[in-house]
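Structure file target_36.csv (CSV, C-alpha atoms) is printed below.
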```csv
chain,number,residue,atom,x,y,z
A,475,MET,CA,0.0,0.0,0.0
A,476,GLN,CA,1.3,3.4,-1.0
A,477,TRP,CA,1.2,5.8,2.0
A,478,THR,CA,0.6,9.5,1.3
A,479,PRO,CA,1.5,12.3,3.7
A,480,LEU,CA,-2.2,13.0,4.4
A,481,MET,CA,-2.9,9.3,5.1
A,482,ALA,CA,0.1,9.1,7.5
A,483,LEU,CA,-1.0,12.4,9.2
A,484,THR,CA,-4.5,11.0,9.6
A,485,VAL,CA,-3.3,7.8,11.2
A,486,VAL,CA,-1.0,9.6,13.6
A,487,LEU,CA,-3.7,12.2,14.7
A,488,VAL,CA,-6.3,9.4,15.2
A,489,ILE,CA,-3.8,7.6,17.4
A,490,PHE,CA,-3.3,10.8,19.4
A,491,ALA,CA,-7.1,11.3,19.6
A,492,ILE,CA,-7.5,7.8,21.0
A,493,GLY,CA,-4.9,8.6,23.5
A,494,ASP,CA,-6.8,11.7,24.5
A,495,ILE,CA,-10.1,9.9,24.8
A,496,ILE,CA,-8.6,7.2,27.0
A,497,ALA,CA,-6.9,9.8,29.1
A,498,VAL,CA,-10.3,11.5,29.7
A,499,LYS,CA,-12.0,8.2,30.4
A,500,THR,CA,-9.4,7.1,32.9
A,501,LYS,CA,-9.1,10.5,34.6
A,502,ALA,CA,-5.5,10.9,33.3
A,503,ILE,CA,-4.3,7.7,35.1
A,504,LEU,CA,-3.4,6.5,31.6
A,505,SER,CA,-2.1,9.6,29.9
A,506,MET,CA,-2.3,10.4,26.2
A,507,LEU,CA,1.4,10.1,25.9
A,508,PHE,CA,1.5,6.6,27.4
A,509,VAL,CA,-1.5,5.3,25.4
A,510,SER,CA,-0.2,6.7,22.2
A,511,SER,CA,3.3,5.2,22.9
A,512,VAL,CA,1.8,1.8,23.4
A,513,ILE,CA,-0.4,2.0,20.2
A,514,LEU,CA,2.6,3.2,18.1
A,515,VAL,CA,5.0,0.5,19.4
A,516,LEU,CA,2.4,-2.3,18.7
A,517,GLY,CA,1.7,-0.7,15.4
A,518,PHE,CA,5.3,-0.6,14.3
A,519,TRP,CA,5.7,-4.2,15.3
A,520,SER,CA,2.5,-5.1,13.4
A,521,GLY,CA,3.3,-3.5,10.1
A,522,LEU,CA,2.9,0.3,10.3
A,523,PRO,CA,5.7,1.9,8.3
A,524,LYS,CA,8.7,2.8,10.4
A,525,ASP,CA,8.8,6.3,8.8
A,526,LEU,CA,5.1,6.9,9.6
A,527,LEU,CA,5.8,10.0,11.7
A,528,SER,CA,8.2,11.3,9.1
A,529,GLN,CA,5.7,10.8,6.3
A,530,SER,CA,3.1,12.7,8.3
A,531,GLN,CA,5.3,15.8,8.1
A,532,LEU,CA,4.8,16.2,11.9
A,533,LEU,CA,8.5,15.6,12.6
A,534,GLY,CA,9.4,18.8,10.7
A,535,ILE,CA,6.7,20.8,12.4
A,536,GLY,CA,7.7,19.6,15.8
A,537,SER,CA,11.4,20.2,15.2
A,538,VAL,CA,11.0,23.7,14.0
A,539,THR,CA,8.3,24.8,16.5
A,540,ILE,CA,9.9,23.5,19.7
A,541,GLY,CA,11.7,26.8,20.2
A,542,LEU,CA,8.4,28.7,19.8
A,543,LEU,CA,6.7,26.4,22.3
A,544,ILE,CA,9.5,26.9,24.9
A,545,VAL,CA,9.3,30.7,24.5
A,546,HIS,CA,5.5,30.3,24.9
A,547,MET,CA,6.2,28.4,28.1
A,548,GLY,CA,8.2,31.4,29.4
A,549,THR,CA,5.1,33.7,28.8
A,550,LEU,CA,3.1,31.5,31.1
A,551,MET,CA,5.3,32.4,34.1
A,552,LYS,CA,6.1,35.6,35.9
A,553,LEU,CA,9.7,36.1,36.9
A,554,LYS,CA,8.6,36.5,40.4
A,555,ASP,CA,6.8,33.1,40.2
A,556,LEU,CA,9.9,31.5,38.7
A,557,VAL,CA,12.2,32.7,41.5
A,558,GLN,CA,9.7,31.3,43.9
A,559,GLN,CA,10.4,27.8,42.5
A,560,TRP,CA,13.8,27.4,44.1
A,561,LYS,CA,12.4,24.5,46.1
A,562,THR,CA,11.4,22.8,42.9
A,563,VAL,CA,14.9,23.3,41.6
A,564,ILE,CA,16.4,21.6,44.6
A,565,ILE,CA,13.9,18.6,44.5
A,566,ALA,CA,14.5,18.1,40.7
A,567,ALA,CA,18.3,18.2,41.0
A,568,GLY,CA,18.0,15.8,44.0
A,569,ALA,CA,16.0,13.4,41.9
A,570,VAL,CA,18.7,13.2,39.3
A,571,ALA,CA,21.3,12.6,42.0
A,572,GLY,CA,19.1,9.8,43.3
A,573,ILE,CA,19.0,8.2,39.9
A,574,GLY,CA,22.7,8.3,39.6
A,575,ILE,CA,23.4,6.9,43.1
A,576,PHE,CA,20.8,4.1,43.0
A,577,VAL,CA,21.5,2.9,39.4
A,578,LEU,CA,25.3,2.9,39.9
A,579,LEU,CA,25.5,1.4,43.4
A,580,LEU,CA,22.7,-1.2,43.1
A,581,GLY,CA,22.7,-1.7,39.3
A,582,SER,CA,26.4,-2.5,39.1
A,583,PRO,CA,26.3,-5.8,41.1
A,584,LEU,CA,23.0,-6.8,39.4
A,585,PHE,CA,23.7,-6.0,35.7
A,586,GLY,CA,27.3,-5.1,35.5
A,587,ARG,CA,29.1,-1.8,36.0
A,588,GLU,CA,29.1,-0.8,32.3
A,589,VAL,CA,25.4,-1.3,32.0
A,590,ALA,CA,24.7,0.8,35.2
A,591,VAL,CA,27.1,3.6,34.1
A,592,VAL,CA,25.5,3.8,30.6
A,593,ALA,CA,21.9,3.6,32.0
A,594,ALA,CA,21.8,6.4,34.6
A,595,PRO,CA,22.1,9.5,32.4
A,596,PRO,CA,19.5,8.5,29.8
A,597,ILE,CA,17.1,7.6,32.7
A,598,SER,CA,17.6,11.1,34.2
A,599,GLY,CA,17.2,13.0,31.0
A,600,GLY,CA,16.5,13.2,27.3
A,601,VAL,CA,18.2,13.0,23.9
A,602,VAL,CA,21.5,14.8,24.8
A,603,ALA,CA,22.3,12.6,27.8
A,604,ALA,CA,21.4,9.4,25.8
A,605,LEU,CA,23.5,10.4,22.9
A,606,MET,CA,26.5,11.2,25.1
A,607,MET,CA,26.4,7.8,26.7
A,608,SER,CA,25.7,6.0,23.4
A,609,GLU,CA,28.8,7.6,21.8
A,610,ALA,CA,30.9,6.7,24.8
A,611,ALA,CA,29.7,3.1,24.6
A,612,LYS,CA,30.5,2.9,20.9
A,613,ALA,CA,34.0,4.4,21.5
A,614,LYS,CA,34.7,1.5,23.8
A,615,GLY,CA,33.3,-1.1,21.3
A,616,MET,CA,30.2,-1.8,23.3
A,617,GLU,CA,27.6,-1.5,20.5
A,618,HIS,CA,24.9,-3.3,22.5
A,619,LEU,CA,25.1,-0.7,25.2
A,620,ALA,CA,24.8,2.0,22.7
A,621,VAL,CA,21.4,0.4,21.7
A,622,PHE,CA,20.6,0.0,25.3
A,623,ALA,CA,21.0,3.8,25.9
A,624,THR,CA,18.5,4.4,23.1
A,625,MET,CA,16.0,1.9,24.4
A,626,LEU,CA,16.1,3.5,27.8
A,627,LEU,CA,15.3,6.8,26.2
A,628,VAL,CA,12.4,5.2,24.3
A,629,PHE,CA,10.8,3.3,27.2
A,630,GLN,CA,11.4,5.5,30.3
A,631,GLY,CA,8.1,7.3,29.6
A,632,PHE,CA,6.2,4.0,30.1
A,633,ILE,CA,7.0,4.4,33.8
A,634,GLY,CA,7.1,8.1,34.1
A,635,TYR,CA,3.8,8.9,32.4
A,636,PRO,CA,1.3,6.7,34.3
A,637,LEU,CA,3.0,7.3,37.7
A,638,SER,CA,3.0,11.1,37.2
A,639,SER,CA,-0.6,11.0,36.1
A,640,ILE,CA,-1.6,9.2,39.3
A,641,PHE,CA,0.3,11.5,41.6
A,642,LEU,CA,-0.6,14.7,39.8
A,643,THR,CA,-4.3,13.8,39.9
A,644,LYS,CA,-4.1,13.2,43.6
A,645,GLU,CA,-2.3,16.5,44.0
A,646,ALA,CA,-5.0,18.2,42.0
A,647,LYS,CA,-7.7,16.8,44.4
A,648,ARG,CA,-5.6,17.9,47.4
A,649,ILE,CA,-5.4,21.5,46.0
A,650,LEU,CA,-9.2,21.8,45.5
A,651,ALA,CA,-9.8,20.4,49.0
A,652,SER,CA,-7.6,23.1,50.5
A,653,PRO,CA,-9.3,26.5,51.0
A,654,GLU,CA,-5.9,28.2,51.5
A,655,LEU,CA,-4.5,26.9,48.2
A,656,VAL,CA,-7.7,27.8,46.3
A,657,LYS,CA,-7.7,31.3,47.8
A,658,GLU,CA,-4.1,31.8,46.8
A,659,ALA,CA,-4.7,30.9,43.2
A,660,LEU,CA,-7.8,33.1,43.0
A,661,ASP,CA,-6.0,36.0,44.5
A,662,GLN,CA,-3.2,35.5,42.0
A,663,ASN,CA,-5.6,35.2,39.0
A,664,ASN,CA,-7.4,38.4,40.1
A,665,ASN,CA,-4.1,40.3,40.0
A,666,ASN,CA,-2.9,38.8,36.7
A,667,GLY,CA,-4.4,41.4,34.4
A,668,GLU,CA,-1.9,43.6,32.5
A,669,THR,CA,-2.8,47.1,33.9
A,670,LYS,CA,-1.0,50.4,33.7
A,671,GLU,CA,0.2,49.8,37.2
A,672,ASP,CA,1.7,46.5,36.4
A,673,LYS,CA,5.3,47.4,35.5
A,674,GLY,CA,6.7,43.9,35.6
A,675,ALA,CA,9.8,42.7,37.4
A,676,PHE,CA,12.1,45.2,35.7
A,677,GLY,CA,10.0,48.3,36.5
A,678,PHE,CA,8.8,49.0,33.0
A,679,ARG,CA,6.7,47.6,30.2
A,680,PHE,CA,6.4,48.4,26.6
A,681,PRO,CA,2.9,49.5,25.6
A,682,PRO,CA,0.7,46.7,24.1
A,683,LEU,CA,0.0,46.5,20.4
A,684,PRO,CA,-3.4,48.0,19.4
A,685,LYS,CA,-6.0,45.3,19.3
A,686,GLU,CA,-6.4,45.5,15.5
A,687,TYR,CA,-2.7,44.6,15.0
A,688,SER,CA,-2.7,41.7,17.4
A,689,THR,CA,-3.5,39.2,14.7
A,690,ASP,CA,-2.6,35.5,14.7
A,691,PHE,CA,0.3,36.2,12.2
A,692,VAL,CA,1.6,39.1,14.2
A,693,LEU,CA,1.7,37.1,17.4
A,694,LEU,CA,3.3,34.1,15.6
A,695,GLY,CA,5.9,36.4,14.0
A,696,LYS,CA,6.8,37.9,17.4
A,697,LEU,CA,7.0,34.4,18.9
A,698,ALA,CA,9.2,33.1,16.1
A,699,LEU,CA,11.5,36.1,16.2
A,700,ALA,CA,12.0,35.6,20.0
A,701,ALA,CA,12.8,31.9,19.4
A,702,TYR,CA,15.3,32.7,16.6
A,703,ILE,CA,17.0,35.4,18.7
A,704,SER,CA,17.3,32.8,21.5
A,705,THR,CA,19.3,30.5,19.2
A,706,LEU,CA,21.6,33.4,18.2
A,707,ILE,CA,22.3,34.2,21.9
A,708,ALA,CA,23.0,30.5,22.7
A,709,GLY,CA,25.4,30.4,19.6
A,710,LEU,CA,27.4,33.3,21.0
A,711,PHE,CA,28.3,31.1,23.9
A,712,ASN,CA,28.9,28.0,21.8
A,713,ASN,CA,25.7,26.5,23.1
A,714,VAL,CA,27.2,26.0,26.6
A,715,ILE,CA,23.8,26.8,27.8
A,716,HIS,CA,21.2,24.9,25.8
A,717,PRO,CA,19.3,27.0,23.3
A,718,LEU,CA,15.9,25.8,24.7
A,719,VAL,CA,16.9,27.1,28.2
A,720,ILE,CA,17.7,30.4,26.6
A,721,SER,CA,14.4,30.3,24.9
A,722,LEU,CA,12.6,29.9,28.2
A,723,VAL,CA,14.5,32.8,29.7
A,724,VAL,CA,13.8,35.0,26.7
A,725,GLY,CA,10.1,34.2,26.9
A,726,ILE,CA,10.0,35.1,30.6
A,727,ILE,CA,11.8,38.4,30.0
A,728,CYS,CA,9.8,39.4,26.9
A,729,ARG,CA,6.6,38.8,28.8
A,730,GLU,CA,7.8,40.8,31.8
A,731,VAL,CA,8.6,43.9,29.6
A,732,GLY,CA,5.5,43.5,27.5
A,733,LEU,CA,7.1,42.4,24.2
A,734,LEU,CA,5.2,39.2,24.2
A,735,GLU,CA,1.7,38.6,25.4
A,736,ASP,CA,1.0,36.0,28.1
A,737,ASN,CA,-0.1,32.6,26.8
A,738,ILE,CA,0.8,33.9,23.3
A,739,PHE,CA,0.8,30.6,21.4
A,740,VAL,CA,-2.8,29.9,22.5
A,741,LYS,CA,-3.9,33.4,21.6
A,742,ALA,CA,-2.3,32.9,18.2
A,743,ASN,CA,-4.3,29.7,17.7
A,744,GLY,CA,-1.1,27.8,16.9
A,745,SER,CA,-0.4,25.6,19.9
A,746,GLY,CA,-2.5,22.5,18.9
A,747,LEU,CA,-0.6,21.5,15.7
A,748,ALA,CA,2.7,22.4,17.3
A,749,MET,CA,2.0,20.1,20.2
A,750,ALA,CA,1.1,17.3,17.8
A,751,GLY,CA,4.5,17.9,16.1
A,752,LEU,CA,6.3,17.7,19.4
A,753,CYS,CA,4.6,14.5,20.3
A,754,ALA,CA,5.7,13.1,17.0
A,755,VAL,CA,9.3,14.0,17.7
A,756,ILE,CA,9.1,12.1,21.0
A,757,PHE,CA,7.5,9.0,19.5
A,758,ALA,CA,9.9,8.9,16.5
A,759,ASN,CA,12.4,6.8,18.6
A,760,LEU,CA,9.8,4.1,19.1
A,761,SER,CA,10.2,2.9,15.5
A,762,SER,CA,13.8,1.7,16.3
A,763,ALA,CA,12.7,-0.6,19.1
A,764,THR,CA,12.3,-4.2,17.7
A,765,PRO,CA,10.9,-7.1,19.6
A,766,ALA,CA,14.3,-8.9,19.5
A,767,MET,CA,16.1,-5.9,20.9
A,768,VAL,CA,13.5,-5.6,23.7
A,769,MET,CA,13.8,-9.2,24.7
A,770,GLU,CA,17.6,-9.3,24.7
A,771,LEU,CA,17.9,-6.2,27.0
A,772,LEU,CA,14.6,-6.6,28.8
A,773,ALA,CA,16.0,-7.5,32.3
A,774,PRO,CA,18.6,-4.7,32.5
A,775,LEU,CA,16.1,-2.3,30.9
A,776,VAL,CA,13.4,-3.0,33.5
A,777,GLY,CA,15.8,-3.3,36.3
A,778,CYS,CA,17.6,0.0,35.7
A,779,LEU,CA,14.4,1.8,35.1
A,780,CYS,CA,13.0,0.5,38.4
A,781,LEU,CA,16.1,1.4,40.3
A,782,GLY,CA,16.1,4.9,38.9
A,783,THR,CA,12.4,5.3,39.8
A,784,VAL,CA,13.1,4.1,43.4
A,785,GLY,CA,16.0,6.6,43.5
A,786,ILE,CA,13.7,9.4,42.4
A,787,ALA,CA,11.0,8.4,44.9
A,788,ILE,CA,13.3,8.3,47.9
A,789,ALA,CA,15.2,11.5,47.0
A,790,THR,CA,12.0,13.5,46.3
A,791,PHE,CA,10.1,12.1,49.3
A,792,VAL,CA,12.9,13.2,51.7
A,793,LEU,CA,13.5,16.6,50.0
A,794,GLY,CA,9.7,17.2,49.7
A,795,ARG,CA,9.2,16.7,53.4
A,796,VAL,CA,12.2,19.0,54.2
A,797,LEU,CA,11.0,21.7,51.9
A,798,GLY,CA,7.3,21.5,52.6
A,799,TYR,CA,6.0,19.9,49.4
A,800,SER,CA,3.4,17.2,49.4
A,801,THR,CA,4.5,13.8,48.4
A,802,TYR,CA,2.0,13.9,45.5
A,803,MET,CA,3.8,17.0,44.1
A,804,ALA,CA,7.4,16.2,45.0
A,805,ILE,CA,7.5,12.8,43.3
A,806,PRO,CA,6.2,14.0,39.9
A,807,ILE,CA,8.8,16.8,40.0
A,808,GLY,CA,11.4,14.0,40.1
A,809,LEU,CA,9.6,11.8,37.6
A,810,SER,CA,9.8,14.6,35.1
A,811,ALA,CA,13.3,13.3,34.4
A,812,LEU,CA,11.7,10.4,32.7
A,813,TYR,CA,9.9,12.5,30.0
A,814,GLY,CA,10.5,16.2,30.3
A,815,PHE,CA,8.7,18.8,28.1
A,816,PRO,CA,6.1,18.5,26.6
A,817,GLY,CA,5.1,15.7,29.0
A,818,THR,CA,5.3,18.1,32.0
A,819,PHE,CA,3.0,20.5,30.1
A,820,ILE,CA,0.5,17.9,28.9
A,821,LEU,CA,0.3,15.8,32.1
A,822,SER,CA,-0.4,19.0,34.2
A,823,HIS,CA,-3.3,19.9,31.9
A,824,GLU,CA,-4.6,16.4,31.9
A,825,ALA,CA,-4.7,16.3,35.7
A,826,ALA,CA,-6.5,19.7,35.8
A,827,GLN,CA,-8.9,18.5,33.1
A,828,ALA,CA,-9.6,15.3,34.9
A,829,VAL,CA,-10.2,16.8,38.4
A,830,GLY,CA,-11.5,20.3,37.7
A,831,LYS,CA,-15.2,20.5,37.1
A,832,THR,CA,-15.2,24.1,36.0
A,833,GLU,CA,-12.7,26.3,34.1
A,834,GLU,CA,-12.0,28.2,37.4
A,835,GLU,CA,-11.1,24.9,39.2
A,836,ARG,CA,-8.9,23.9,36.3
A,837,GLN,CA,-7.0,27.2,36.5
A,838,ILE,CA,-6.6,26.9,40.3
A,839,ILE,CA,-5.0,23.5,39.8
A,840,LEU,CA,-2.7,24.7,37.0
A,841,HIS,CA,-1.7,27.7,39.1
A,842,HIS,CA,-0.1,25.3,41.6
A,843,ILE,CA,1.0,22.4,39.4
A,844,LEU,CA,2.1,23.8,36.0
A,845,PRO,CA,5.0,26.2,37.1
A,846,LYS,CA,6.5,23.5,39.3
A,847,MET,CA,6.4,20.8,36.5
A,848,LEU,CA,7.7,23.1,33.8
A,849,VAL,CA,10.7,24.2,35.9
A,850,ALA,CA,11.3,20.6,37.0
A,851,GLY,CA,11.4,19.3,33.4
A,852,PHE,CA,14.1,21.8,32.5
A,853,ILE,CA,16.2,21.2,35.6
A,854,THR,CA,16.1,17.4,35.2
A,855,VAL,CA,16.2,16.8,31.5
A,856,THR,CA,18.0,19.8,30.1
A,857,ILE,CA,20.5,20.7,32.8
A,858,SER,CA,21.1,18.0,35.5
A,859,SER,CA,21.0,15.0,33.2
A,860,VAL,CA,23.7,16.5,30.9
A,861,VAL,CA,25.8,17.3,34.0
A,862,LEU,CA,25.4,13.7,35.1
A,863,ALA,CA,26.2,12.4,31.7
A,864,GLY,CA,29.4,14.5,31.6
A,865,ILE,CA,30.5,12.8,34.8
A,866,PHE,CA,29.4,9.2,33.9
A,867,VAL,CA,31.0,9.4,30.4
A,868,LYS,CA,34.4,9.3,32.1
A,869,LEU,CA,33.4,6.1,34.0
A,870,VAL,CA,32.5,4.0,30.9
```
Final structure tokens representation of the file:
Amino acid sequence: MQWTPLMALTVVLVIFAIGDIIAVKTKAILSMLFVSSVILVLGFWSGLPKDLLSQSQLLGIGSVTIGLLIVHMGTLMKLKDLVQQWKTVIIAAGAVAGIGIFVLLLGSPLFGREVAVVAAPPISGGVVAALMMSEAAKAKGMEHLAVFATMLLVFQGFIGYPLSSIFLTKEAKRILASPELVKEALDQNNNNGETKEDKGAFGFRFPPLPKEYSTDFVLLGKLALAAYISTLIAGLFNNVIHPLVISLVVGIICREVGLLEDNIFVKANGSGLAMAGLCAVIFANLSSATPAMVMELLAPLVGCLCLGTVGIAIATFVLGRVLGYSTYMAIPIGLSALYGFPGTFILSHEAAQAVGKTEEERQIILHHILPKMLVAGFITVTISSVVLAGIFVKLV
């Protein structure tokens, strides 16, 4: 059968739609990301073309719009709110340390030192950490461990997504049951309007565009320009700081000074397709996981993922208690290492959608959950995991 781009796009979007429906039906216990991952893996094993996501053209959309989405994320947070997330930063970094310690110390006697060393950074992060360990393994002639690093990246979400959904849903219920937390969110929302008195964190704001000029294309143009400038800034420093981290900072600053509207991508009606593209980028790795590969490396794969998850749970439980976070919130902060953005964004909204009965209740939940999860994803996947990989590469 000859596949066309439209046919491939239709199949992919229907799979995502099924994931959404099941997520709603199960109250986000089974997330869209988890369900879609399972369907795609089984599909690839059953005859779906390996390049399905590429044929759908969503990979290109996801790759080119990720910077825009990250800038958009920055517009969702005030600088004051971000600074207030220092506890989240500590918990997220502690989770990555927990992964490294548990996988290395307990995984070495169970699966071998090389397996444990290669496993820890991919479990704690994303593509960059996995690529670093994969290249290190290849350099030592351990091709099977290079494949192992990729498999960890592919399958870590199968643990992270459902566990995070369960804990975030419980946290959402806890928030709505707390009059103090509800009042805090309502007071914040009531003060969120952009008024003349609101000068932002830097003491000034550019005047907003006249309403007639705030069209979808104008908003998208501003967003793309901010994302492109972010890559230029990162390039000036040889990408020592990841371009997506710069994009987040640029989004926050531009919102503070009034150059970008809050929640800009949604206002420009562009976030839906961009999110589909990002999901396609995530799921593209699933096509490389064959049944033979899974069976051969199944024991160390499951074992290392379980050890990493235990390390996350213990580290975040302790740090959460010390810093005053509920267990339901602290553990998902650490679990963000298993998927990062956009999982942090999607799972937060799924929990709010599942628990909140009104739009006001959903916004109350997001006020407490979303900033923590967004910051956690960047600390674990983008920063801490790369640092851990830089240390563990020398141990291979």
I'd like a table as CSV: residues in region 568-597 of chain A with an atom no more than 12 Å from region 857-862 of chain A, each row giving the shortest atom pair and its distance in Å to one decimal, only C-alpha atoms counted, sorted by chain and rising residue number.
```
residue,atom,partner,partner_atom,distance
A:Gly568,CA,A:Ser858,CA,9.3
A:Ala569,CA,A:Ser858,CA,9.4
A:Val570,CA,A:Ser858,CA,6.6
A:Ala571,CA,A:Leu862,CA,8.1
A:Gly572,CA,A:Leu862,CA,11.1
A:Ile573,CA,A:Leu862,CA,9.7
A:Gly574,CA,A:Leu862,CA,7.5
A:Ile575,CA,A:Leu862,CA,10.7
A:Leu578,CA,A:Leu862,CA,11.8
A:Val591,CA,A:Leu862,CA,10.3
A:Val592,CA,A:Leu862,CA,10.9
A:Ala593,CA,A:Leu862,CA,11.1
A:Ala594,CA,A:Leu862,CA,8.2
A:Pro595,CA,A:Ser859,CA,5.7
A:Pro596,CA,A:Ser859,CA,7.5
A:Ile597,CA,A:Ser859,CA,8.4
```
Selected residues written out, C-alpha atoms, as a tab-separated table (two decimals), in the frame of the given file:
```
chain	number	residue	atom	x	y	z
A	568	GLY	CA	18.00	15.80	44.00
A	569	ALA	CA	16.00	13.40	41.90
A	570	VAL	CA	18.70	13.20	39.30
A	571	ALA	CA	21.30	12.60	42.00
A	572	GLY	CA	19.10	9.80	43.30
A	573	ILE	CA	19.00	8.20	39.90
A	574	GLY	CA	22.70	8.30	39.60
A	575	ILE	CA	23.40	6.90	43.10
A	578	LEU	CA	25.30	2.90	39.90
A	591	VAL	CA	27.10	3.60	34.10
A	592	VAL	CA	25.50	3.80	30.60
A	593	ALA	CA	21.90	3.60	32.00
A	594	ALA	CA	21.80	6.40	34.60
A	595	PRO	CA	22.10	9.50	32.40
A	596	PRO	CA	19.50	8.50	29.80
A	597	ILE	CA	17.10	7.60	32.70
```
Env of region 549-561 of chain A: 10 Å cut, atoms = all atoms listed in the file, seq-sep filter 2 positions within chain, self excluded. Answer as a short mmCIF file (atom, residue, chain, number, x, y, z; two decimals) with C-alpha atoms, in the frame of the given file.
```cif
data_model
loop_
_atom_site.label_atom_id
_atom_site.label_comp_id
_atom_site.auth_asym_id
_atom_site.auth_seq_id
_atom_site.Cartn_x
_atom_site.Cartn_y
_atom_site.Cartn_z
CA LEU A 543 6.70 26.40 22.30
CA ILE A 544 9.50 26.90 24.90
CA VAL A 545 9.30 30.70 24.50
CA HIS A 546 5.50 30.30 24.90
CA MET A 547 6.20 28.40 28.10
CA VAL A 563 14.90 23.30 41.60
CA ILE A 564 16.40 21.60 44.60
CA ILE A 565 13.90 18.60 44.50
CA ALA A 566 14.50 18.10 40.70
CA ASN A 666 -2.90 38.80 36.70
CA GLY A 674 6.70 43.90 35.60
CA ALA A 675 9.80 42.70 37.40
CA PHE A 676 12.10 45.20 35.70
CA LEU A 722 12.60 29.90 28.20
CA VAL A 723 14.50 32.80 29.70
CA VAL A 724 13.80 35.00 26.70
CA GLY A 725 10.10 34.20 26.90
CA ILE A 726 10.00 35.10 30.60
CA ILE A 727 11.80 38.40 30.00
CA CYS A 728 9.80 39.40 26.90
CA ARG A 729 6.60 38.80 28.80
CA GLU A 730 7.80 40.80 31.80
CA GLY A 732 5.50 43.50 27.50
CA LEU A 734 5.20 39.20 24.20
CA GLU A 735 1.70 38.60 25.40
CA ASP A 736 1.00 36.00 28.10
CA ASN A 737 -0.10 32.60 26.80
CA ILE A 738 0.80 33.90 23.30
CA PHE A 739 0.80 30.60 21.40
CA LEU A 793 13.50 16.60 50.00
CA GLY A 794 9.70 17.20 49.70
CA VAL A 796 12.20 19.00 54.20
CA LEU A 797 11.00 21.70 51.90
CA GLY A 798 7.30 21.50 52.60
CA TYR A 799 6.00 19.90 49.40
CA ALA A 804 7.40 16.20 45.00
CA HIS A 841 -1.70 27.70 39.10
CA LEU A 844 2.10 23.80 36.00
CA PRO A 845 5.00 26.20 37.10
CA LYS A 846 6.50 23.50 39.30
CA LEU A 848 7.70 23.10 33.80
CA VAL A 849 10.70 24.20 35.90
CA ALA A 850 11.30 20.60 37.00
#
```
**OP:** Kindly extract all protein, DNA and RNA residues lying within 12 Å of the coordinates (12.0, -1.3, 29.3) given in the file, considering all atoms listed in the file, and supply them as an NGL selection string.
**Re:** :A and (593 or 597 or 622-634 or 760 or 763-765 or 767-780)
Subject >> Selection near Val829 (chain A), 7 Å with only C-alpha atoms, sequence-local residues under 5 positions removed, as a ChimeraX atom specification >> reply: /A:643,646-647
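Atom pair CA of Ile843 (chain A) / CA of Gly536 (chain A) has a distance of 24.7 Å (rounded to one decimal).
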**OP:** Would you mind listing what lies within 8 Å of Phe641 (chain A) as an MDAnalysis selection string, with all atoms listed in the file counted and same-chain residues fewer than 3 positions away left out?
**Re:** chainID A and resid 637:638 644:645 802:803 805:806
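You can rank A:Val488, A:Leu619, A:Met607, A:Leu683 by their closest distance to Lys868 (chain A) using only C-alpha atoms, and at the top of that list sits A:Met607.
For the pair CA of Lys614 (chain A) and CA of Val589 (chain A), the separation is 12.7 Å.
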Original post:
Could you work out how far CA of Gly817 (chain A) lies from CA of Leu655 (chain A), giving the answer in Å with one decimal?
Top reply: 24.2 Å
**OP:** Excluding region 684-697 of chain A and any residue of its chain fewer than 6 positions from it, enumerate the residues within 7 Å of it, using all atoms listed in the file, and give them as a list of chain:residue names.
**Re:**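 Answer for this query is A:Leu542, A:Ile738, A:Ala742, A:Asn743.
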Original post:
Contacts of Ala497 (chain A) at 9 Å or less, counting all atoms listed in the file, minus same-chain residues fewer than 5 places along, as a ChimeraX atom specification?
Top reply: /A:492,502-507,509,824,828
